[in-house]
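Visitor: Sharing a structure, written as structure tokens. Questions coming.
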Number of protein chains: 2
Amino acid sequence: MNGPGSDADRAARVALTWLAEPGNRAVWTMVQRGGAEATLDRLIAGDIPDGPLRSAVAARSRADDPRRAAEIALRLGDEVGARLVVPADPEWPARVSALATLETDTAGRVNQDTRPPLCFWVLGSLPLGATLDRSVAIVGARAATGYGVHVTSTLAYDLAERGWTVVSGGAFGIDAAAHHGALAADGLTVSVLACGVDRPYPVSNAALFARIAERGLLISEWPPAAEPFRHRFLIRNRVIAAATAGTVVVEAAARSGATQTMSRVLALNRPAMVVPGPVTSAMSVGCHELLRAHPATRPVCSAHDVLQEVGRIGEYLEPPPRGQERVRDRLDEESALILEAFPRRGPATPEELAATARLDLRTVLRRLTLLEATGLVIRTESGITLAPRKP
Amino acid sequence: MNGPGSDADRAARVALTWLAEPGNRAVWTMVQRGGAEATLDRLIAGDIPDGPLRSAVAARSRADDPRRAAEIALRLGDEVGARLVVPADPEWPARVSALATLETDTAGRVNQDTRPPLCFWVLGSLPLGATLDRSVAIVGARAATGYGVHVTSTLAYDLAERGWTVVSGGAFGIDAAAHHGALAADGLTVSVLACGVDRPYPVSNAALFARIAERGLLISEWPPAAEPFRHRFLIRNRVIAAATAGTVVVEAAARSGATQTMSRVLALNRPAMVVPGPVTSAMSVGCHELLRAHPATRPVCSAHDVLQEVGRIGEYLEPPPRGQERVRDRLDEESALILEAFPRRGPATPEELAATARLDLRTVLRRLTLLEATGLVIRTESGITLAPRKP
């Protein structure tokens with residue numbers, strides 16, 4: 001079987017992303033017109049009208065055969081548990097197609113090559129499209145201040161608690177705080193990487209990435225084992241902007257990666273949000289620059305403000321993919337112990353639960369608050385009981 | 001002699017302001033049509049179409065005779081060294097006439113009574129109109145934080161150093177920091193009061209008010225001895241908004257006096273500027289509310305940003321009223337001692353100046369920086385010399 005979604009189509013998309021960096025305007029246009037397989041055939045045959053693309057393809061082809069490289073990537077993907085998602089798949093995130101008509105400036109190749117992805121590598125069990133439907137990107141400086149980390153964690157926690165997926169890039173600072181905040185709320189978070197999902201960068205965030213893969217998603221346009229070259233972060237940023245209902249920049253130095261992401265958000269006419277900060281802080285200079293330079297950029301101070309901006313988009317979408325069972329599957333160990341500590345019938349007190357679960361009372365009280373918020377337990381006058389399981 | 005600017009006109013304006021609070025729409029309309037003297041005659045005769053005004057005039061008239069009250073105010077003004085400025089005077093600040101056509105909302109009398117002042121009481125030697133031509137208002141919370149005070153002082157200093165007059169309301173917190181900052185730059189500052197210029201409020205800012213009267217201006221629509229009733233601050237705010245080229249709010253709690261001032265600025269289509277702050281600070285909530293609620297409100301982080309907003313207005317105006325001689329007249333004692341310490345001819349070193357003036361070296365160095373900025377001394381390779389006096 002050939003055509004969109006077939007094994008040949010999937011392999012061709014991997015090979016094309018290997019031959020030219022994602023977002024390449026010429027490659028994407030050819031795929032739109034003739035499909036991925038035919039495009040790969042043309043590129044291998046050297047039938048390439050675009051000069052820079054011809055050179056890039058020639059250079060890559062000298063290193064390896066594109067079809068063989070795709071085969072290796074797909075095998076490696078299987079080994080690390082990553083799946084390939086292509087536009088023909090039901091879980092393809094619809095919003096990224098907005099990149100097809102993105103008005104771009106002419107300041108260099110990176111700015112011209114902002115076309116939609118040909119494929120995504122995904123690590124994690126949630127369906128990609130549904131997870132991104134109600135999503136907000138939170139991005140910002142790596143060298144974040146205590147203020148920025150605090151505001152980001154709170155914002156991500158509150159958004160995740162309200163059922164919104166928090167999307168970020170997995171970097172130090174604001175990105176990490178955004179993922180951490182969403183995880184703390186037992187919510188969904190997606191890290192969009194500029195390298196293989198099997199080797200997320202930076203390595204020192206490994207524990208964080210492991211939790212994201214377990215309870216959210218690690219995604220990338222690049223195949224497993226791909227390296228996080230510097231220019232890839234800028235290419236990646238267009239996906240963060242396009243896949244989400246809106247983007248919040250929390251802290252950013254002047255003319256930084258976060259402000260580049262925001263230029264994509266503005267070009268896509270998506271809610272472009274900025275958290276103000278002290279004007280005395282170098283890490284808020286980029287934020288205030290955005291607010292001053294682009295009247296469409298909106299200041300936001302809380303999850304409430306963010307939802308005012310993206311709400312109109314979110315309310316017409318499907319409910320988030322978090323059924324009760326799924327929440328239960330994603331519970332941390334302490335919460336799971338507490339649930340197991342409940343008697344078969346009737347209520348329990350926090351003290352009884354703490355004794356049975358062999359946890360300290362403070363932990364139990366904190367976890368109970370989260371378990372109650374997710375609807376797994378119910379507080380009654382006589383104590384706390386397990387919520388009846390929904391069919 | 002009768003008519004605009006005559007003694008009778010002046011006394012009538014004082015009497016009218018005594019009979020009804022400043023900004024009263026009915027009184028101002030009558031004055032525009034028939035002049036102040038005729039309006040006073042009509043009010044005393046009880047020929048008042050406006051019901052609320054009729055009651056107010058009746059109540060005031062029972063307390064005293066309006067003409068006698070005006071006489072007492074004018075005599076008291078003479079005693080405290082305050083002068084009365086009326087629209088016929090050359091130093092009348094032209095910008096306040098914009099209040100004549102201010103679109104106002106209907107939420108209560110204070111909001112309806114936003115018509116231009118009938119007169120100003122002024123304490124200080126600078127001409128009122130020229131001093132306000134290149135002026136920026138900086139207002140904000142009384143309960144300012146260290147951040148707000150720091151940003152305000154810096155902003156006011158930088159604006160004053162660039163020849164802009166800093167206008168504020170003399171209150172604790174942001175207002176006081178704005179006046180202090182301008183004075184520290186040896187610049188001009190105007191305090192717009194909601195009570196008599198002879199008894200500026202709050203009393204604990206007395207030393208600050210004394211310096212403002214000496215080197216800037218204290219102004220008020222209310223006669224000497226008038227009390228700072230609470231509602232007068234809201235009436236006063238329209239003058240701060242209308243007399244300046246633009247207004248900056250530095251810190252403001254939710255729905256505070258500063259945000260009320262800003263609603264006037266926006267209604268006047270003047271640059272409405274807000275300094276962002278930490279979203280975690282209660283004292284920045286009003287600022288961020290303004291930015292979110294009114295797209296015309298612009299975030300500003302520095303004097304540079306402020307001048308970008310008001311610059312277009314300022315550059316077509318006359319240069320500020322600070323000739324070299326005037327600067328010399330307004331020097332603080334230490335700077336005056338340093339100038340006297342210079343030798344008749346040739347340069348001196350800071351150390352020599354410190355010894356002659358009997359001041360410590362640090363003070364001398366700090367003052368020399370300011371004296372150099374004002375053009376009174378020149379730094380050369382061989383040392384520091386007095387600048388040649390301009391004709």
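We name chains A, B, ... following the order of the structure tokens; residues begin at 1 in each chain, and ligands are numbered from 1 as shown.
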Considering only C-alpha atoms, extract the chain A residues located within 7 Å of chain B and return them as a JSON list (two decimals) with all heavy atoms, in the first residue's frame.
Guide:
```json
[["chain", "number", "residue", "atom", "x", "y", "z"],
["A", 276, "PRO", "N", 4.80, 40.67, 32.66],
["A", 276, "PRO", "CA", 5.68, 41.80, 33.00],
["A", 276, "PRO", "C", 6.55, 41.43, 34.19],
["A", 276, "PRO", "O", 6.27, 40.45, 34.90],
["A", 276, "PRO", "CB", 4.70, 42.91, 33.40],
["A", 276, "PRO", "CG", 3.33, 42.41, 33.07],
["A", 276, "PRO", "CD", 3.40, 40.91, 33.01],
["A", 277, "GLY", "N", 7.58, 42.19, 34.39],
["A", 277, "GLY", "CA", 8.47, 41.99, 35.54],
["A", 277, "GLY", "C", 9.05, 43.31, 35.96],
["A", 277, "GLY", "O", 8.68, 44.36, 35.42],
["A", 278, "PRO", "N", 9.94, 43.27, 36.94],
["A", 278, "PRO", "CA", 10.57, 44.53, 37.36],
["A", 278, "PRO", "C", 11.34, 45.14, 36.20],
["A", 278, "PRO", "O", 12.05, 44.43, 35.49],
["A", 278, "PRO", "CB", 11.54, 44.09, 38.47],
["A", 278, "PRO", "CG", 11.13, 42.70, 38.86],
["A", 278, "PRO", "CD", 10.48, 42.10, 37.66],
["A", 279, "VAL", "N", 11.19, 46.44, 35.99],
["A", 279, "VAL", "CA", 11.91, 47.08, 34.89],
["A", 279, "VAL", "C", 13.40, 47.16, 35.21],
["A", 279, "VAL", "O", 14.21, 47.48, 34.35],
["A", 279, "VAL", "CB", 11.36, 48.50, 34.59],
["A", 279, "VAL", "CG1", 9.91, 48.40, 34.15],
["A", 279, "VAL", "CG2", 11.51, 49.43, 35.78],
["A", 291, "LEU", "N", 6.21, 43.98, 24.61],
["A", 291, "LEU", "CA", 4.99, 44.75, 24.92],
["A", 291, "LEU", "C", 5.03, 46.12, 24.25],
["A", 291, "LEU", "O", 4.02, 46.61, 23.76],
["A", 291, "LEU", "CB", 4.84, 44.93, 26.44],
["A", 291, "LEU", "CG", 4.36, 43.72, 27.23],
["A", 291, "LEU", "CD1", 4.41, 44.00, 28.72],
["A", 291, "LEU", "CD2", 2.94, 43.34, 26.81],
["A", 292, "ARG", "N", 6.20, 46.75, 24.22],
["A", 292, "ARG", "CA", 6.31, 48.08, 23.63],
["A", 292, "ARG", "C", 6.30, 48.01, 22.10],
["A", 292, "ARG", "O", 5.71, 48.89, 21.44],
["A", 292, "ARG", "CB", 7.58, 48.79, 24.11],
["A", 292, "ARG", "CG", 7.45, 49.33, 25.53],
["A", 292, "ARG", "CD", 8.67, 50.13, 25.96],
["A", 292, "ARG", "NE", 8.98, 51.23, 25.07],
["A", 292, "ARG", "CZ", 8.29, 52.35, 24.97],
["A", 292, "ARG", "NH1", 7.24, 52.54, 25.74],
["A", 292, "ARG", "NH2", 8.65, 53.29, 24.14],
["A", 298, "ARG", "N", -0.04, 40.93, 24.61],
["A", 298, "ARG", "CA", -0.87, 41.25, 25.77],
["A", 298, "ARG", "C", -0.15, 40.91, 27.07],
["A", 298, "ARG", "O", 0.41, 39.82, 27.20],
["A", 298, "ARG", "CB", -2.16, 40.44, 25.71],
["A", 298, "ARG", "CG", -2.98, 40.69, 24.49],
["A", 298, "ARG", "CD", -3.83, 41.93, 24.63],
["A", 298, "ARG", "NE", -4.82, 41.72, 25.67],
["A", 298, "ARG", "CZ", -5.34, 42.69, 26.42],
["A", 298, "ARG", "NH1", -4.94, 43.92, 26.26],
["A", 298, "ARG", "NH2", -6.24, 42.41, 27.33],
["A", 299, "PRO", "N", -0.16, 41.84, 28.04],
["A", 299, "PRO", "CA", 0.41, 41.48, 29.34],
["A", 299, "PRO", "C", -0.52, 40.54, 30.09],
["A", 299, "PRO", "O", -1.73, 40.75, 30.09],
["A", 299, "PRO", "CB", 0.52, 42.83, 30.05],
["A", 299, "PRO", "CG", -0.50, 43.70, 29.40],
["A", 299, "PRO", "CD", -0.71, 43.20, 28.00],
["A", 301, "CYS", "N", -0.86, 38.28, 33.92],
["A", 301, "CYS", "CA", -0.31, 38.19, 35.27],
["A", 301, "CYS", "C", -0.67, 36.88, 35.95],
["A", 301, "CYS", "O", -0.16, 36.60, 37.03],
["A", 301, "CYS", "CB", -0.83, 39.34, 36.13],
["A", 301, "CYS", "SG", -0.48, 40.96, 35.42]]
```
Visitor: With a distance cut-off of 7 Å and only C-alpha atoms, select the neighbouring residues of region 19-35 of chain B, excluding the residue or stretch itself and same-chain residues fewer than 2 positions from it, and output the selection as a PyMOL selection string.
Guide: chain B and resi 15-17+37-39+50+56-57+60+66+113-117+221
Visitor: Check region 126-198 of chain A with DSSP on the backbone and list each residue it calls strand (DSSP E or B), as a PyMOL selection string.
Guide: chain A and resi 135-139+165-168+189-193
Visitor: Counting only C-alpha atoms, which of B:Asp175, B:Glu334, B:Glu309, B:Glu71 gets nearest to Ile240 (chain B)?
Guide: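 Selected residue with least distance to Ile240 (chain B): B:Asp175.
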Visitor: For the atom pair CA of Ala156 (chain B) and CA of Leu307 (chain B), what is the interatomic distance in Å to one decimal place?
Guide: 11.9 Å
Visitor: Could you write out, as a PyMOL selection string, all the residues of region 124-364 of chain B that DSSP marks as alpha helix (DSSP H)?
Guide: chain B and resi 128-133+146-161+174-184+206-215+230-243+257-267+285-293+303-314+324-329+333-341+350-357+361-364
Visitor: List as a ChimeraX atom specification the protein and nucleic acid residues near region 262-268 of chain A, meaning an atom at most 6 Å away when only C-alpha atoms are counted, but skip any in the same chain fewer than 3 places from it.
Guide: /A:241,259,272
Visitor: Write out as a list of chain:residue names the residues lying within 12 Å of Ala210 (chain A), counting only C-alpha atoms and excluding same-chain residues fewer than 5 positions away.
Guide: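 Surrounding residues, per the criterion: A:Leu123, A:Gly124, A:Gly170, A:His179, A:His180, A:Leu183, A:Val190, A:Ser191, A:Val197, A:Asp198, A:Arg199, A:Pro200, A:Tyr201, A:Val203, A:Ser204, A:Asn205, A:Arg215, A:Gly216, A:Leu217, A:Leu218.
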Visitor: For Ile72 (chain B), please output as a list in words all residues within 12 Å (counting only C-alpha atoms; exclusion window: fewer than 3 positions along the same chain).
Guide: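 Near Ile72 (chain B), the qualifying residues are Ala11, Val14, Ala15, Trp18, Asp64, Asp65, Pro66, Arg67, Arg68, Ala69, Arg75, Leu76, Gly77, Asp78, Glu79, Pro223, Pro224, Ala225 and Ala226 of chain B.
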Visitor: Export, as a PDB file, in the first residue's frame, the selected residues with N, CA and C atoms.
Guide:
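Below is the file that was written, part20.pdb:
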```pdb
ATOM      1  N   ALA B  11     -10.966  88.363  41.508  1.00  0.00           N
ATOM      2  CA  ALA B  11     -11.695  88.141  42.762  1.00  0.00           C
ATOM      3  C   ALA B  11     -12.926  87.269  42.506  1.00  0.00           C
ATOM      4  N   VAL B  14     -11.976  83.641  42.293  1.00  0.00           N
ATOM      5  CA  VAL B  14     -11.714  83.083  43.622  1.00  0.00           C
ATOM      6  C   VAL B  14     -13.036  82.813  44.334  1.00  0.00           C
ATOM      7  N   ALA B  15     -13.949  83.760  44.227  1.00  0.00           N
ATOM      8  CA  ALA B  15     -15.259  83.604  44.882  1.00  0.00           C
ATOM      9  C   ALA B  15     -16.019  82.417  44.295  1.00  0.00           C
ATOM     10  N   TRP B  18     -14.748  79.259  45.477  1.00  0.00           N
ATOM     11  CA  TRP B  18     -15.124  79.085  46.888  1.00  0.00           C
ATOM     12  C   TRP B  18     -16.578  78.605  46.994  1.00  0.00           C
ATOM     13  N   ASP B  64     -20.663  82.219  54.674  1.00  0.00           N
ATOM     14  CA  ASP B  64     -19.952  83.509  54.537  1.00  0.00           C
ATOM     15  C   ASP B  64     -20.417  84.171  53.245  1.00  0.00           C
ATOM     16  N   ASP B  65     -20.058  85.429  53.085  1.00  0.00           N
ATOM     17  CA  ASP B  65     -20.328  86.141  51.838  1.00  0.00           C
ATOM     18  C   ASP B  65     -19.215  85.822  50.845  1.00  0.00           C
ATOM     19  N   PRO B  66     -19.554  85.357  49.630  1.00  0.00           N
ATOM     20  CA  PRO B  66     -18.518  84.920  48.683  1.00  0.00           C
ATOM     21  C   PRO B  66     -17.486  86.008  48.381  1.00  0.00           C
ATOM     22  N   ARG B  67     -17.929  87.258  48.235  1.00  0.00           N
ATOM     23  CA  ARG B  67     -16.972  88.328  47.907  1.00  0.00           C
ATOM     24  C   ARG B  67     -16.007  88.564  49.058  1.00  0.00           C
ATOM     25  N   ARG B  68     -16.565  88.463  50.287  1.00  0.00           N
ATOM     26  CA  ARG B  68     -15.709  88.647  51.459  1.00  0.00           C
ATOM     27  C   ARG B  68     -14.717  87.484  51.574  1.00  0.00           C
ATOM     28  N   ALA B  69     -15.173  86.269  51.302  1.00  0.00           N
ATOM     29  CA  ALA B  69     -14.296  85.096  51.360  1.00  0.00           C
ATOM     30  C   ALA B  69     -13.150  85.254  50.360  1.00  0.00           C
ATOM     31  N   ARG B  75      -5.976  88.323  50.422  1.00  0.00           N
ATOM     32  CA  ARG B  75      -5.102  88.941  51.419  1.00  0.00           C
ATOM     33  C   ARG B  75      -4.166  87.879  51.986  1.00  0.00           C
ATOM     34  N   LEU B  76      -4.723  86.691  52.275  1.00  0.00           N
ATOM     35  CA  LEU B  76      -3.906  85.595  52.813  1.00  0.00           C
ATOM     36  C   LEU B  76      -2.858  85.166  51.785  1.00  0.00           C
ATOM     37  N   GLY B  77      -3.258  85.131  50.528  1.00  0.00           N
ATOM     38  CA  GLY B  77      -2.318  84.801  49.456  1.00  0.00           C
ATOM     39  C   GLY B  77      -1.131  85.754  49.472  1.00  0.00           C
ATOM     40  N   ASP B  78      -1.412  87.057  49.570  1.00  0.00           N
ATOM     41  CA  ASP B  78      -0.346  88.067  49.650  1.00  0.00           C
ATOM     42  C   ASP B  78       0.582  87.778  50.826  1.00  0.00           C
ATOM     43  N   GLU B  79      -0.034  87.481  51.964  1.00  0.00           N
ATOM     44  CA  GLU B  79       0.757  87.245  53.179  1.00  0.00           C
ATOM     45  C   GLU B  79       1.703  86.054  53.033  1.00  0.00           C
ATOM     46  N   PRO B 223      -8.050  78.064  47.465  1.00  0.00           N
ATOM     47  CA  PRO B 223      -7.363  79.232  48.027  1.00  0.00           C
ATOM     48  C   PRO B 223      -6.502  78.843  49.228  1.00  0.00           C
ATOM     49  N   PRO B 224      -5.583  79.702  49.612  1.00  0.00           N
ATOM     50  CA  PRO B 224      -4.807  79.462  50.829  1.00  0.00           C
ATOM     51  C   PRO B 224      -5.738  79.115  51.983  1.00  0.00           C
ATOM     52  N   ALA B 225      -5.271  78.256  52.855  1.00  0.00           N
ATOM     53  CA  ALA B 225      -6.004  77.792  54.041  1.00  0.00           C
ATOM     54  C   ALA B 225      -7.044  76.713  53.736  1.00  0.00           C
ATOM     55  N   ALA B 226      -7.258  76.410  52.443  1.00  0.00           N
ATOM     56  CA  ALA B 226      -8.251  75.379  52.103  1.00  0.00           C
ATOM     57  C   ALA B 226      -7.778  74.022  52.606  1.00  0.00           C
TER      58      ALA B 226
END
```
Visitor: Name the residues in contact with Ala242 (chain A) at a cut-off of 7 Å, using only C-alpha atoms, excluding same-chain residues fewer than 4 positions from it; report them as a ChimeraX atom specification.
Guide: /A:95-96,98-99,238
Visitor: Please list as a ChimeraX atom specification every residue within 7 Å of Ser220 (chain B), counting only C-alpha atoms and excluding residues in the same chain fewer than 4 positions away.
Guide: /B:120-122,192-197
Visitor: Just the selected residues (C-alpha atoms), exported as a tab-separated table (two decimals), in the first residue's frame, please.
Guide:
```
chain	number	residue	atom	x	y	z
B	120	PHE	CA	-4.55	78.70	40.10
B	121	TRP	CA	-2.79	79.72	43.29
B	122	VAL	CA	0.95	79.48	42.77
B	192	VAL	CA	-0.41	70.02	42.28
B	193	LEU	CA	-2.21	70.20	45.63
B	194	ALA	CA	-5.77	69.51	46.70
B	195	CYS	CA	-5.60	72.19	49.44
B	196	GLY	CA	-4.10	75.64	50.06
B	197	VAL	CA	-0.51	76.14	48.86
```
Visitor: How many Å lie between CA of Pro343 (chain B) and CA of Ile378 (chain B), rounded to one decimal?
Guide: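 According to the coordinates, CA of Pro343 (chain B) and CA of Ile378 (chain B) are separated by 13.6 Å.
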Visitor: Using only C-alpha atoms, pick whichever of B:Pro271, B:Pro127, B:Gly375, B:Gly173 has the shortest atom-to-atom distance to Glu161 (chain B).
Guide: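 Result for the nearest residue to Glu161 (chain B): B:Gly375.
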